[in-house]
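Asker: I'm passing along data.cif; it holds mmCIF, C-alpha atoms.
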```
data_start
loop_
_atom_site.label_atom_id
_atom_site.label_comp_id
_atom_site.auth_asym_id
_atom_site.auth_seq_id
_atom_site.Cartn_x
_atom_site.Cartn_y
_atom_site.Cartn_z
CA MET A 1 -30.48 43.32 -25.98
CA GLU A 2 -34.06 44.46 -25.23
CA LYS A 3 -34.83 44.86 -28.92
CA HIS A 4 -33.73 41.28 -29.70
CA PRO A 5 -36.58 38.82 -30.40
CA SER A 6 -35.24 36.39 -27.77
CA PHE A 7 -35.43 38.99 -25.06
CA GLU A 8 -39.12 38.37 -24.44
CA VAL A 9 -38.52 34.73 -23.59
CA LEU A 10 -35.52 35.48 -21.41
CA ALA A 11 -36.79 38.66 -19.75
CA PRO A 12 -38.00 36.95 -16.53
CA TYR A 13 -34.62 35.27 -16.02
CA LEU A 14 -31.94 37.76 -17.06
CA PRO A 15 -32.28 40.21 -14.15
CA LYS A 16 -32.30 37.39 -11.60
CA TYR A 17 -28.68 36.42 -12.28
CA PRO A 18 -27.04 39.50 -13.82
CA LYS A 19 -23.55 37.98 -13.92
CA ALA A 20 -24.81 35.04 -15.95
CA ALA A 21 -27.14 37.12 -18.16
CA GLY A 22 -24.72 37.55 -21.06
CA ALA A 23 -23.87 33.87 -21.23
CA LEU A 24 -27.53 32.84 -21.02
CA PHE A 25 -28.54 35.22 -23.81
CA GLN A 26 -25.65 34.11 -26.04
CA THR A 27 -26.24 30.40 -25.43
CA TYR A 28 -29.99 30.60 -25.91
CA ASN A 29 -29.59 32.34 -29.25
CA ASP A 30 -26.92 29.89 -30.39
CA LEU A 31 -29.00 26.83 -29.55
CA LYS A 32 -32.19 28.22 -31.02
CA LEU A 33 -30.90 29.91 -34.15
CA ALA A 34 -27.50 28.38 -35.00
CA GLN A 35 -27.82 24.85 -33.65
CA GLN A 36 -31.55 24.83 -34.46
CA TRP A 37 -32.64 23.09 -31.28
CA THR A 38 -36.33 22.61 -30.61
CA ASP A 39 -38.49 22.76 -27.49
CA ILE A 40 -36.05 24.88 -25.55
CA GLU A 41 -36.98 25.47 -21.90
CA ILE A 42 -35.23 27.61 -19.36
CA ILE A 43 -34.51 26.01 -15.97
CA ASP A 44 -33.79 28.02 -12.84
CA LEU A 45 -30.72 26.69 -10.97
CA PRO A 46 -30.54 28.85 -7.82
CA GLU A 47 -27.70 26.86 -6.20
CA CYS A 48 -25.57 27.59 -9.26
CA SER A 49 -26.61 31.26 -9.49
CA ARG A 50 -27.72 30.90 -13.10
CA CYS A 51 -30.29 29.36 -15.41
CA GLY A 52 -29.81 26.23 -17.45
CA LEU A 53 -31.51 25.17 -20.69
CA ARG A 54 -33.13 22.00 -21.91
CA GLY A 55 -34.00 21.09 -25.46
CA ARG A 56 -33.66 18.72 -28.38
CA ARG A 57 -31.10 18.67 -31.15
CA PRO A 58 -32.63 18.78 -34.65
CA ASN A 59 -34.27 15.48 -35.63
CA THR A 60 -33.62 13.79 -32.29
CA ASP A 61 -35.85 12.80 -29.39
CA ASP A 62 -33.45 13.00 -26.47
CA VAL A 63 -33.82 15.97 -24.18
CA LEU A 64 -30.39 17.42 -23.44
CA SER A 65 -29.35 19.77 -20.62
CA VAL A 66 -27.11 22.76 -21.19
CA VAL A 67 -25.47 24.99 -18.57
CA PRO A 68 -23.93 28.27 -19.79
CA CYS A 69 -20.83 29.72 -18.20
CA VAL A 70 -18.25 32.36 -19.06
CA ILE A 71 -14.68 31.37 -19.94
CA SER A 72 -13.29 33.71 -17.32
CA GLU A 73 -15.21 32.33 -14.38
CA SER A 74 -13.92 29.86 -11.84
CA LEU A 75 -15.84 26.59 -11.47
CA SER A 76 -15.22 23.52 -9.32
CA THR A 77 -16.22 19.87 -9.18
CA ASP A 78 -18.57 20.81 -6.33
CA TRP A 79 -20.31 23.22 -8.71
CA ILE A 80 -20.59 20.49 -11.36
CA ARG A 81 -22.07 18.12 -8.78
CA THR A 82 -24.62 20.73 -7.67
CA THR A 83 -25.56 21.49 -11.27
CA PHE A 84 -26.32 17.82 -11.92
CA GLN A 85 -28.44 17.65 -8.78
CA GLU A 86 -30.44 20.74 -9.61
CA LEU A 87 -31.10 19.54 -13.15
CA GLY A 88 -32.57 16.35 -11.74
CA SER A 89 -29.56 14.03 -12.32
CA PRO A 90 -29.57 13.75 -16.11
CA PRO A 91 -27.18 11.18 -17.65
CA HIS A 92 -24.97 14.02 -18.88
CA LEU A 93 -24.95 17.76 -19.31
CA TYR A 94 -23.38 20.14 -21.81
CA LEU A 95 -21.27 22.97 -20.48
CA ALA A 96 -21.64 25.94 -22.84
CA ILE A 97 -18.46 27.98 -22.45
CA ASN A 98 -19.03 31.54 -23.69
CA THR A 99 -16.27 33.87 -24.77
CA GLU A 100 -16.11 37.63 -25.31
CA ASP A 101 -16.04 37.35 -29.09
CA SER A 102 -19.33 35.43 -28.87
CA SER A 103 -17.83 32.03 -29.66
CA ILE A 104 -19.34 29.17 -27.69
CA VAL A 105 -17.78 25.76 -27.18
CA TYR A 106 -19.82 22.90 -25.80
CA TYR A 107 -18.32 20.13 -23.69
CA LYS A 108 -20.18 17.06 -22.53
CA ILE A 109 -19.74 16.17 -18.89
CA SER A 110 -20.92 12.81 -17.55
CA PRO A 111 -20.81 11.62 -13.94
CA GLY A 112 -18.62 8.54 -13.39
CA ILE A 113 -16.16 6.84 -15.69
CA VAL A 114 -17.77 6.78 -19.12
CA LYS A 115 -15.95 5.12 -22.01
CA PRO A 116 -15.34 7.27 -25.07
CA PRO A 117 -17.42 6.55 -28.15
CA LEU A 118 -15.77 4.12 -30.60
CA MET B 1 13.22 -4.98 12.06
CA ALA B 2 12.36 -6.96 8.92
CA SER B 3 10.02 -9.80 9.75
CA ASP B 4 9.84 -13.14 7.94
CA SER B 5 6.81 -12.08 5.93
CA ASP B 6 8.90 -9.21 4.51
CA ASP B 7 10.93 -11.77 2.58
CA CYS B 8 8.16 -12.44 0.09
CA LYS B 9 7.54 -8.72 -0.41
CA ILE B 10 8.98 -7.03 -3.44
CA GLN B 11 12.13 -5.06 -2.76
CA LEU B 12 12.04 -1.49 -3.95
CA ARG B 13 15.52 -0.03 -3.87
CA VAL B 14 15.33 3.68 -3.17
CA SER B 15 18.01 5.98 -4.45
CA ASN B 16 17.56 9.74 -4.20
CA TYR B 17 13.81 9.44 -3.57
CA LYS B 18 13.19 7.26 -6.61
CA ALA B 19 12.25 3.60 -6.25
CA TYR B 20 13.88 1.08 -8.57
CA VAL B 21 13.22 -2.62 -9.14
CA TRP B 22 16.32 -4.51 -10.24
CA ASP B 23 15.08 -8.09 -10.08
CA VAL B 24 13.49 -9.31 -13.30
CA GLU B 25 11.23 -11.74 -11.42
CA ASP B 26 9.87 -8.88 -9.33
CA ILE B 27 9.22 -6.78 -12.43
CA ALA B 28 7.20 -9.65 -13.89
CA THR B 29 5.29 -10.14 -10.63
CA LEU B 30 4.48 -6.45 -10.36
CA ARG B 31 2.98 -6.43 -13.81
CA ALA B 32 1.23 -9.79 -13.94
CA LYS B 33 0.03 -10.09 -10.37
CA HIS B 34 -0.32 -6.52 -9.14
CA HIS B 35 -0.99 -4.70 -12.44
CA VAL B 36 1.71 -2.15 -11.70
CA CYS B 37 3.81 -1.49 -14.80
CA GLY B 38 6.46 1.11 -14.05
CA VAL B 39 8.91 2.21 -16.73
CA LEU B 40 12.13 0.47 -17.78
CA THR B 41 14.93 2.95 -17.63
CA GLY B 42 18.25 1.12 -18.05
CA THR B 43 20.50 0.81 -21.09
CA LEU B 44 20.64 -2.58 -22.79
CA PRO B 45 24.35 -3.45 -22.98
CA HIS B 46 23.99 -5.13 -26.38
CA LEU B 47 21.85 -2.35 -27.84
CA SER B 48 23.29 0.70 -26.22
CA GLN B 49 22.96 3.20 -29.06
CA GLN B 50 19.18 3.53 -28.84
CA ASN B 51 16.55 4.15 -26.23
CA VAL B 52 13.47 2.60 -27.74
CA PHE B 53 14.19 -0.67 -25.98
CA LEU B 54 15.43 -0.30 -22.44
CA GLY B 55 16.24 -2.74 -19.66
CA VAL B 56 16.47 -2.90 -15.89
CA PRO B 57 16.03 -1.13 -13.59
CA LEU B 58 12.30 -0.44 -13.59
CA VAL B 59 11.40 2.92 -12.07
CA LEU B 60 8.03 3.37 -10.39
CA LEU B 61 5.72 6.37 -10.12
CA PRO B 62 5.67 7.70 -6.55
CA GLU B 63 1.97 6.85 -6.44
CA GLU B 64 2.80 3.24 -7.37
CA VAL B 65 5.30 3.05 -4.52
CA VAL B 66 2.81 4.44 -2.00
CA LEU B 67 0.18 1.95 -3.14
CA LEU B 68 2.50 -1.05 -2.91
CA LEU B 69 3.58 -0.09 0.61
CA GLU B 70 0.02 0.57 1.77
CA LYS B 71 -1.10 -2.79 0.42
CA GLN B 72 1.95 -4.41 2.06
CA LEU B 73 3.17 -5.84 -1.22
CA ALA B 74 6.60 -4.26 -1.10
CA VAL B 75 9.28 -2.86 1.19
CA LEU B 76 11.58 0.12 0.69
CA ILE B 77 15.33 -0.38 0.91
CA ASP B 78 17.69 2.49 1.59
CA ASP B 79 19.94 1.32 -1.22
CA SER B 80 22.83 3.67 -0.70
CA ASN B 81 23.24 2.67 2.94
CA ALA B 82 22.59 -0.97 2.17
CA HIS B 83 25.99 -0.96 0.47
CA ARG B 84 28.33 -1.23 3.47
CA PRO B 85 31.99 -0.33 3.09
CA PRO B 86 33.75 -3.53 2.00
CA SER B 87 36.70 -4.94 3.89
CA ALA B 88 40.05 -5.21 2.15
CA GLU B 89 39.70 -9.02 2.01
CA ALA B 90 36.23 -8.78 0.49
CA LEU B 91 37.49 -6.40 -2.16
CA TYR B 92 40.41 -8.72 -2.92
CA ARG B 93 38.04 -11.67 -3.36
CA TRP B 94 35.70 -9.64 -5.56
CA ASN B 95 38.52 -8.47 -7.76
CA ALA B 96 39.99 -11.97 -8.07
CA GLU B 97 36.58 -13.37 -9.04
CA ARG B 98 36.08 -10.72 -11.67
CA GLU B 99 39.51 -11.30 -13.18
CA ALA B 100 38.97 -15.05 -13.23
CA SER B 101 35.59 -14.66 -14.87
CA ALA B 102 36.99 -12.26 -17.46
CA SER B 103 39.92 -14.60 -18.32
CA GLN B 104 37.51 -17.50 -18.62
CA GLN B 105 35.25 -15.60 -20.98
CA ILE B 106 38.17 -14.42 -23.09
CA ALA B 107 39.60 -17.96 -23.31
CA ALA B 108 36.26 -19.33 -24.41
CA ALA B 109 35.85 -16.58 -26.98
CA GLU B 110 39.37 -17.17 -28.33
CA ALA B 111 38.76 -20.89 -28.67
CA GLU B 112 35.59 -20.21 -30.58
CA ARG B 113 37.33 -17.79 -32.91
CA ALA B 114 40.17 -20.25 -33.54
CA SER B 115 37.79 -23.02 -34.51
CA GLU B 116 35.97 -20.65 -36.84
CA LYS B 117 39.28 -19.73 -38.47
CA ALA B 118 40.24 -23.38 -38.89
CA ALA B 119 37.01 -24.02 -40.71
CA LYS B 120 37.85 -21.19 -43.13
CA LEU B 121 41.49 -22.27 -43.66
CA SER B 122 40.69 -25.75 -44.94
CA THR B 123 39.00 -24.27 -47.96
CA SER B 124 41.82 -21.83 -48.58
CA ASP B 125 44.34 -24.69 -48.52
CA GLU B 126 42.34 -26.31 -51.27
CA ALA B 127 42.26 -23.07 -53.18
CA ILE B 128 46.04 -22.82 -52.99
CA ARG B 129 46.47 -26.34 -54.32
CA LYS B 130 44.09 -25.80 -57.19
CA ARG B 131 45.78 -22.59 -58.13
CA LYS B 132 49.16 -24.32 -58.31
CA GLU B 133 47.75 -27.00 -60.60
CA ARG B 134 46.29 -24.41 -62.90
CA GLU B 135 49.58 -22.52 -63.10
CA ALA B 136 51.48 -25.71 -63.94
CA LYS B 137 49.05 -26.58 -66.70
CA ARG B 138 49.24 -23.13 -68.19
CA ALA B 139 53.04 -23.25 -68.20
CA ALA B 140 53.04 -26.61 -69.97
CA VAL B 141 50.68 -25.34 -72.67
CA ALA B 142 52.77 -22.22 -73.25
CA ARG B 143 55.94 -24.29 -73.56
CA ALA B 144 54.37 -26.61 -76.08
CA LYS B 145 53.23 -23.61 -78.10
CA ALA B 146 56.69 -22.03 -78.09
CA ILE B 147 58.32 -25.24 -79.31
CA ALA B 148 55.74 -25.51 -82.07
CA GLU B 149 56.69 -21.97 -83.19
CA GLY B 150 60.25 -23.08 -83.62
CA LEU B 151 62.00 -21.57 -80.65
CA THR B 152 64.90 -23.45 -79.23
CA VAL B 153 64.64 -24.86 -75.82
CA ASP B 154 67.00 -22.18 -74.51
CA GLU B 155 64.92 -19.30 -75.81
CA ILE B 156 61.74 -20.37 -74.13
CA PRO B 157 61.01 -17.61 -71.75
CA GLU B 158 60.54 -18.78 -68.34
CA ILE B 159 56.98 -18.30 -67.56
CA ALA B 160 57.24 -16.55 -64.40
CA VAL B 161 55.11 -18.49 -62.15
CA VAL B 162 53.49 -16.09 -59.92
CA PRO B 163 54.11 -17.48 -56.55
CA ALA B 164 50.87 -18.58 -55.09
CA THR B 165 50.18 -15.94 -52.59
CA ASP B 166 49.29 -17.12 -49.21
CA ALA B 167 45.53 -17.12 -49.36
CA ARG B 168 45.54 -16.25 -45.74
CA SER B 169 47.04 -12.88 -46.38
CA SER B 170 44.21 -11.93 -48.74
CA THR B 171 42.14 -11.51 -45.62
CA PRO B 172 43.81 -8.63 -43.81
CA SER B 173 45.66 -10.00 -40.87
CA LYS B 174 45.13 -8.08 -37.73
CA LEU B 175 48.27 -6.84 -36.21
CA VAL B 176 46.44 -5.89 -33.03
CA ALA B 177 45.13 -8.46 -30.59
CA PRO B 178 41.45 -9.29 -31.21
CA THR B 179 38.98 -7.71 -28.76
CA PHE B 180 36.27 -9.62 -26.99
CA ASN B 181 33.20 -8.60 -25.03
CA VAL B 182 33.24 -9.60 -21.41
CA THR B 183 30.03 -9.60 -19.39
CA ILE B 184 30.21 -8.55 -15.78
CA PRO B 185 27.36 -8.88 -13.30
CA ALA B 186 25.71 -5.55 -12.50
CA SER B 187 23.47 -6.64 -9.67
CA SER B 188 24.46 -5.61 -6.17
CA SER B 189 22.71 -8.52 -4.49
CA GLU B 190 25.69 -10.78 -5.17
CA LEU B 191 28.13 -8.44 -3.49
CA GLU B 192 29.44 -9.62 -0.13
CA TRP B 193 29.00 -6.20 1.38
CA TYR B 194 25.42 -5.55 0.18
CA ALA B 195 23.31 -5.92 3.30
CA PRO B 196 19.72 -4.61 3.09
CA GLU B 197 18.77 -5.96 6.52
CA GLY B 198 18.48 -3.10 8.93
CA ARG B 199 17.96 -0.74 6.00
CA THR B 200 14.56 -2.12 5.00
CA HIS B 201 11.38 -0.14 5.63
CA PRO B 202 8.09 -2.05 5.54
CA THR B 203 5.94 1.06 6.07
CA LEU B 204 5.79 4.56 4.67
CA ASP B 205 6.04 5.99 8.19
CA SER B 206 9.24 4.15 8.90
CA ALA B 207 10.72 5.27 5.60
CA ARG B 208 9.64 8.87 6.22
CA ALA B 209 11.17 8.84 9.72
CA ALA B 210 14.46 7.65 8.25
CA GLY B 211 14.30 10.32 5.52
CA VAL B 212 14.38 7.68 2.79
CA TRP B 213 10.93 8.29 1.27
CA THR B 214 8.80 11.35 1.90
CA TYR B 215 6.01 11.22 -0.72
CA PRO B 216 3.26 12.42 -0.39
CA THR B 217 3.75 15.71 1.44
CA THR B 218 1.30 18.23 -0.10
CA PRO B 219 -2.50 17.93 -0.32
CA PHE B 220 -2.22 17.62 -4.10
CA GLU B 221 0.26 14.75 -3.79
CA ARG B 222 -2.05 13.05 -1.31
CA ALA B 223 -4.97 13.50 -3.68
CA LYS B 224 -2.94 11.93 -6.52
CA CYS B 225 -2.13 8.92 -4.35
CA ARG B 226 -5.75 8.36 -3.36
CA VAL B 227 -7.06 8.74 -6.92
CA PHE B 228 -4.36 6.36 -8.19
CA ARG B 229 -5.31 3.86 -5.50
CA ASP B 230 -9.00 4.10 -6.31
CA LEU B 231 -8.37 3.51 -10.02
CA TRP B 232 -6.07 0.59 -9.14
CA GLU B 233 -8.66 -0.98 -6.87
CA LYS B 234 -11.05 -0.87 -9.82
CA GLY B 235 -8.59 -3.12 -11.66
CA ASN B 236 -7.04 -0.56 -14.03
CA PHE B 237 -3.44 -0.38 -15.19
CA MET B 238 -2.00 3.13 -14.95
CA GLY B 239 0.82 4.90 -16.69
CA GLY B 240 2.27 8.40 -16.68
CA GLY B 241 -0.02 10.99 -18.23
CA ILE B 242 2.50 13.48 -19.61
CA LYS B 243 2.05 12.44 -23.25
CA PHE B 244 -1.63 13.34 -23.12
CA GLY B 245 -1.63 16.28 -20.76
CA GLY B 246 -2.95 14.51 -17.70
CA ASP B 247 -1.74 13.03 -14.43
CA PHE B 248 -2.27 9.38 -15.40
CA LEU B 249 -3.19 7.25 -18.37
CA VAL B 250 -5.79 4.65 -17.44
CA TYR B 251 -5.95 1.29 -19.25
CA PRO B 252 -8.66 -1.30 -18.78
CA GLY B 253 -6.01 -4.02 -19.14
CA ASP B 254 -2.30 -4.49 -19.85
CA PRO B 255 -0.94 -1.54 -21.86
CA LEU B 256 0.69 -4.01 -24.26
CA ARG B 257 -2.77 -5.16 -25.27
CA TYR B 258 -4.89 -2.03 -25.03
CA HIS B 259 -4.76 1.61 -25.90
CA SER B 260 -5.75 3.66 -22.89
CA HIS B 261 -9.33 4.78 -22.83
CA PHE B 262 -8.86 7.54 -20.33
CA VAL B 263 -6.57 10.37 -19.35
CA ALA B 264 -7.01 11.27 -15.69
CA THR B 265 -6.53 14.68 -14.09
CA VAL B 266 -6.56 14.81 -10.31
CA ILE B 267 -8.65 17.54 -8.70
CA GLU B 268 -7.29 18.31 -5.28
CA SER B 269 -10.61 19.03 -3.54
CA PRO B 270 -14.30 19.67 -4.30
CA THR B 271 -13.76 23.42 -4.02
CA ALA B 272 -10.47 23.65 -5.91
CA PRO B 273 -10.89 26.19 -8.74
CA LEU B 274 -11.49 24.61 -12.13
CA MET B 275 -11.29 26.95 -15.10
CA PRO B 276 -13.51 26.38 -18.16
CA MET B 277 -10.32 26.60 -20.25
CA GLU B 278 -9.09 23.43 -18.55
CA VAL B 279 -12.31 21.68 -19.56
CA VAL B 280 -11.72 22.83 -23.15
CA ALA B 281 -8.05 21.84 -23.22
CA HIS B 282 -8.47 18.43 -21.61
CA GLY B 283 -11.76 17.63 -23.28
CA ARG B 284 -10.66 18.48 -26.80
CA LEU B 285 -7.33 16.62 -26.55
CA GLY B 286 -9.09 13.59 -25.13
CA THR B 287 -11.62 13.53 -27.95
CA ALA B 288 -8.98 14.08 -30.61
CA THR B 289 -7.08 11.04 -29.35
CA LYS B 290 -10.19 8.84 -28.98
CA LYS B 291 -9.96 8.95 -25.22
CA SER B 292 -12.14 10.37 -22.51
CA HIS B 293 -10.74 12.81 -20.06
CA LEU B 294 -11.50 12.09 -16.42
CA PHE B 295 -11.62 14.73 -13.76
CA CYS B 296 -10.96 12.79 -10.57
CA GLU B 297 -11.95 14.70 -7.47
CA TRP B 298 -10.54 13.69 -4.10
CA ASP B 299 -12.63 14.69 -1.10
CA GLU B 300 -10.55 14.63 2.07
CA LYS B 301 -13.69 14.89 4.26
CA THR B 302 -15.62 11.97 2.82
CA GLN B 303 -12.43 10.11 1.76
CA GLU B 304 -13.99 9.42 -1.61
CA VAL B 305 -13.06 9.85 -5.25
CA THR B 306 -15.70 11.23 -7.62
CA TYR B 307 -15.26 10.97 -11.36
CA PHE B 308 -16.53 13.17 -14.17
CA SER B 309 -15.89 12.23 -17.79
CA VAL B 310 -15.38 15.07 -20.26
CA GLU B 311 -15.50 15.02 -24.04
CA TRP B 312 -16.09 17.54 -26.77
CA ALA B 313 -19.79 17.82 -27.54
CA GLY B 314 -19.40 17.48 -31.29
CA PHE B 315 -21.48 20.53 -32.07
CA GLY B 316 -21.18 24.25 -31.63
#
```
Write the structure described by the file as structure tokens, please.
Answerer:
Amino acid sequence: MEKHPSFEVLAPYLPKYPKAAGALFQTYNDLKLAQQWTDIEIIDLPECSRCGLRGRRPNTDDVLSVVPCVISESLSTDWIRTTFQELGSPPHLYLAINTEDSSIVYYKISPGIVKPPL
Amino acid sequence: MASDSDDCKIQLRVSNYKAYVWDVEDIATLRAKHHVCGVLTGTLPHLSQQNVFLGVPLVLLPEEVVLLLEKQLAVLIDDSNAHRPPSAEALYRWNAEREASASQQIAAAEAERASEKAAKLSTSDEAIRKRKEREAKRAAVARAKAIAEGLTVDEIPEIAVVPATDARSSTPSKLVAPTFNVTIPASSSELEWYAPEGRTHPTLDSARAAGVWTYPTTPFERAKCRVFRDLWEKGNFMGGGIKFGGDFLVYPGDPLRYHSHFVATVIESPTAPLMPMEVVAHGRLGTATKKSHLFCEWDEKTQEVTYFSVEWAGFG
């Protein structure tokens, strides 16, 4: 991991939350290199014991929030609520679910009852 | 026990912990006025070999029952015990009425069938007559021809006139007596010995004490009731969620007019474990079916429902 180009950017954050380190590393690389997001920042979310990410999808202006997690961990609606609070109440966030084979699936979570897109 | 105001409440007849609505007017009221749909579950007597179209009774979700009682829109009737044992005289009267009604229906049906037959016969009488004329003509022509060919009158073969068969027998005559359908009333309310008074429960507590209705018992069941109620108070119609992997389907209006926008999953408490796999499963199915999946959290402490909408991100 240390030899990876992304390590420099993530180095300050990975040791802080060791259990979330793998997911953060995987998600950061996916967003930056595979999804080609721009302006990626790392946000410390102490109440959630992990870091989140903010950035823009290619050719868009909206800043989106992403929270990595591992498929084997146990979450709760309380955790989701706290995550929204710590991110500064964005209109929605993307949960990046990381798996052991390095697949990531992203799910959009919005507070309240939000109608599906047409 | 049952006050006057209970009379205008909808009667939910409980049998084995399921609540049924047998009155068609009540079913209409539940849907139009209280946006509670339920599910029709009875066989239609005239279309019994299918189950796409069903009839009364309507069966309600337990959450629908709890809501209707809490809002004082309905009462629960211990249906089994509301049927008292009938006296011998009552049974005799009931039987006599049924027999009379059946004979009446059969007589009416027979009269109708006879008049239909008569209408058919008049044409077959005509047909018989015409046939006879034709036969006579043919015989006369044949005779004239034979004479012209020089046969003596004695040698003219008798043209066997095929006896005009009774046109009626060309339609197979039934040797068995014709069968008719007789309709019998299925509703118990007309029975002399059906007496719901004294077996009516206007509150959930009273029904629970009598052992007639016990839902909800567990924290999860309580959470489902409160989420259902919250969604109902927001004006939604709800249905069962099994077809889409959730607890409820949520429609913004009558299900006959709208497809549901949401599938709701009830989360028992703010700290109940929620696995990321559940987010994947519910979120992806919702998106694939053009719906949003709702995680509906019930908080017993604050007595509030909090909603989170989940959909697949569309990237990754």
Asker: Show which residues sit within 12 Å of Asp61 of chain A, as a list in words. Count only C-alpha atoms, and ignore same-chain residues fewer than 4 positions away.
Answerer: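 Once the adjacent positions are removed, what remains is Trp37, Thr38, Asp39, Gly55, Arg56 and Arg57 of chain A.
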Asker: Nearest to chain B among A:Glu73, A:Asp44, A:Glu86, A:Glu8, with distances taken over only C-alpha atoms: which residue is it?
Answerer: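 Smallest separation from chain B among the options: A:Glu73.
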Asker: How far is it from atom CA of Val66 of chain A to atom CA of Pro90 of chain A, in Å with one decimal?
Answerer: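 Going from atom CA of Val66 of chain A over to atom CA of Pro90 of chain A, I get 10.6 Å.
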Asker: Have a look at atom CA of Gly112 of chain A and atom CA of Pro276 of chain B and let me know their distance in Å, one decimal.
Answerer: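 So the answer is 19.2 Å.
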Asker: Residues picked by the PyMOL selection byres ((chain A) within 9 of (chain B)) here, as a VMD selection string?
Answerer: chain A and resid 30 to 31 34 to 35 69 to 80 94 to 97 103 to 118
Asker: Could you spell out the hits of the PyMOL selection byres ((chain B and resi 259) around 12) on the shown file, as a list in words?
Answerer: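 This file gives the following for the PyMOL selection byres ((chain B and resi 259) around 12): Phe237, Met238, Gly239, Leu249, Val250, Tyr251, Pro252, Gly253, Asp254, Pro255, Leu256, Arg257, Tyr258, Ser260, His261, Phe262, Val263, Thr289, Lys290, Lys291 and Ser292 of chain B.
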Asker: Using C-alpha atoms, can you export the residues from the last selection as a short mmCIF file (atom, residue, chain, number, x, y, z; two decimals), in the frame of the given file?
Answerer:
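Wrote it out as result.cif, contents follow:
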```cif
data_model
loop_
_atom_site.label_atom_id
_atom_site.label_comp_id
_atom_site.auth_asym_id
_atom_site.auth_seq_id
_atom_site.Cartn_x
_atom_site.Cartn_y
_atom_site.Cartn_z
CA PHE B 237 -3.44 -0.38 -15.19
CA MET B 238 -2.00 3.13 -14.95
CA GLY B 239 0.82 4.90 -16.69
CA LEU B 249 -3.19 7.25 -18.37
CA VAL B 250 -5.79 4.65 -17.44
CA TYR B 251 -5.95 1.29 -19.25
CA PRO B 252 -8.66 -1.30 -18.78
CA GLY B 253 -6.01 -4.02 -19.14
CA ASP B 254 -2.30 -4.49 -19.85
CA PRO B 255 -0.94 -1.54 -21.86
CA LEU B 256 0.69 -4.01 -24.26
CA ARG B 257 -2.77 -5.16 -25.27
CA TYR B 258 -4.89 -2.03 -25.03
CA SER B 260 -5.75 3.66 -22.89
CA HIS B 261 -9.33 4.78 -22.83
CA PHE B 262 -8.86 7.54 -20.33
CA VAL B 263 -6.57 10.37 -19.35
CA THR B 289 -7.08 11.04 -29.35
CA LYS B 290 -10.19 8.84 -28.98
CA LYS B 291 -9.96 8.95 -25.22
CA SER B 292 -12.14 10.37 -22.51
#
```
Asker: What's the 7 Å shell around Leu12 of chain B, counting all atoms listed in the file, without same-chain residues fewer than 4 positions away, as a list in words?
Answerer: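 So the residues in contact are Ala19, Tyr20, Val21, Ala74, Val75, Leu76 and Ile77 of chain B.
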Asker: The PyMOL selection byres ((chain B and resi 215-221) around 8) on the file shown: which residues, as a list in words?
Answerer: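 The output of the PyMOL selection byres ((chain B and resi 215-221) around 8) on this file is Pro62, Val66, Trp213, Thr214, Arg222, Ala223, Lys224, Cys225, Ile267 and Glu268 of chain B.
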Asker: Give me a file of those residues, with C-alpha atoms, as a CSV table (one decimal), keeping the file's coordinate frame.
Answerer:
```
chain,number,residue,atom,x,y,z
B,62,PRO,CA,5.7,7.7,-6.6
B,66,VAL,CA,2.8,4.4,-2.0
B,213,TRP,CA,10.9,8.3,1.3
B,214,THR,CA,8.8,11.4,1.9
B,222,ARG,CA,-2.0,13.0,-1.3
B,223,ALA,CA,-5.0,13.5,-3.7
B,224,LYS,CA,-2.9,11.9,-6.5
B,225,CYS,CA,-2.1,8.9,-4.4
B,267,ILE,CA,-8.6,17.5,-8.7
B,268,GLU,CA,-7.3,18.3,-5.3
```
Asker: To box segment 114-119 of chain B, take all atoms listed in the file, fit an axis-aligned box, add 5 Å on each side, and give centre and edge lengths in Å to one decimal, as JSON.
Answerer:
```
{"center_x": 38.1, "center_y": -21.9, "center_z": -37.1, "size_x": 14.3, "size_y": 14.3, "size_z": 17.2}
```
Asker: Using only C-alpha atoms, determine which residues lie at most 12 Å from Arg84 of chain B, disregarding the query and same-chain residues fewer than 6 positions distant; provide the list as a PDB file with C-alpha atoms, keeping the file's coordinate frame.
Answerer:
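result.pdb, freshly written:
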```
ATOM      1  CA  ASP B  78      17.690   2.490   1.590  1.00  0.00           C
ATOM      2  CA  ALA B  90      36.230  -8.780   0.490  1.00  0.00           C
ATOM      3  CA  LEU B  91      37.490  -6.400  -2.160  1.00  0.00           C
ATOM      4  CA  SER B 188      24.460  -5.610  -6.170  1.00  0.00           C
ATOM      5  CA  LEU B 191      28.130  -8.440  -3.490  1.00  0.00           C
ATOM      6  CA  GLU B 192      29.440  -9.620  -0.130  1.00  0.00           C
ATOM      7  CA  TRP B 193      29.000  -6.200   1.380  1.00  0.00           C
ATOM      8  CA  TYR B 194      25.420  -5.550   0.180  1.00  0.00           C
ATOM      9  CA  ALA B 195      23.310  -5.920   3.300  1.00  0.00           C
ATOM     10  CA  PRO B 196      19.720  -4.610   3.090  1.00  0.00           C
ATOM     11  CA  GLU B 197      18.770  -5.960   6.520  1.00  0.00           C
ATOM     12  CA  GLY B 198      18.480  -3.100   8.930  1.00  0.00           C
ATOM     13  CA  ARG B 199      17.960  -0.740   6.000  1.00  0.00           C
TER      14      ARG B 199
END
```
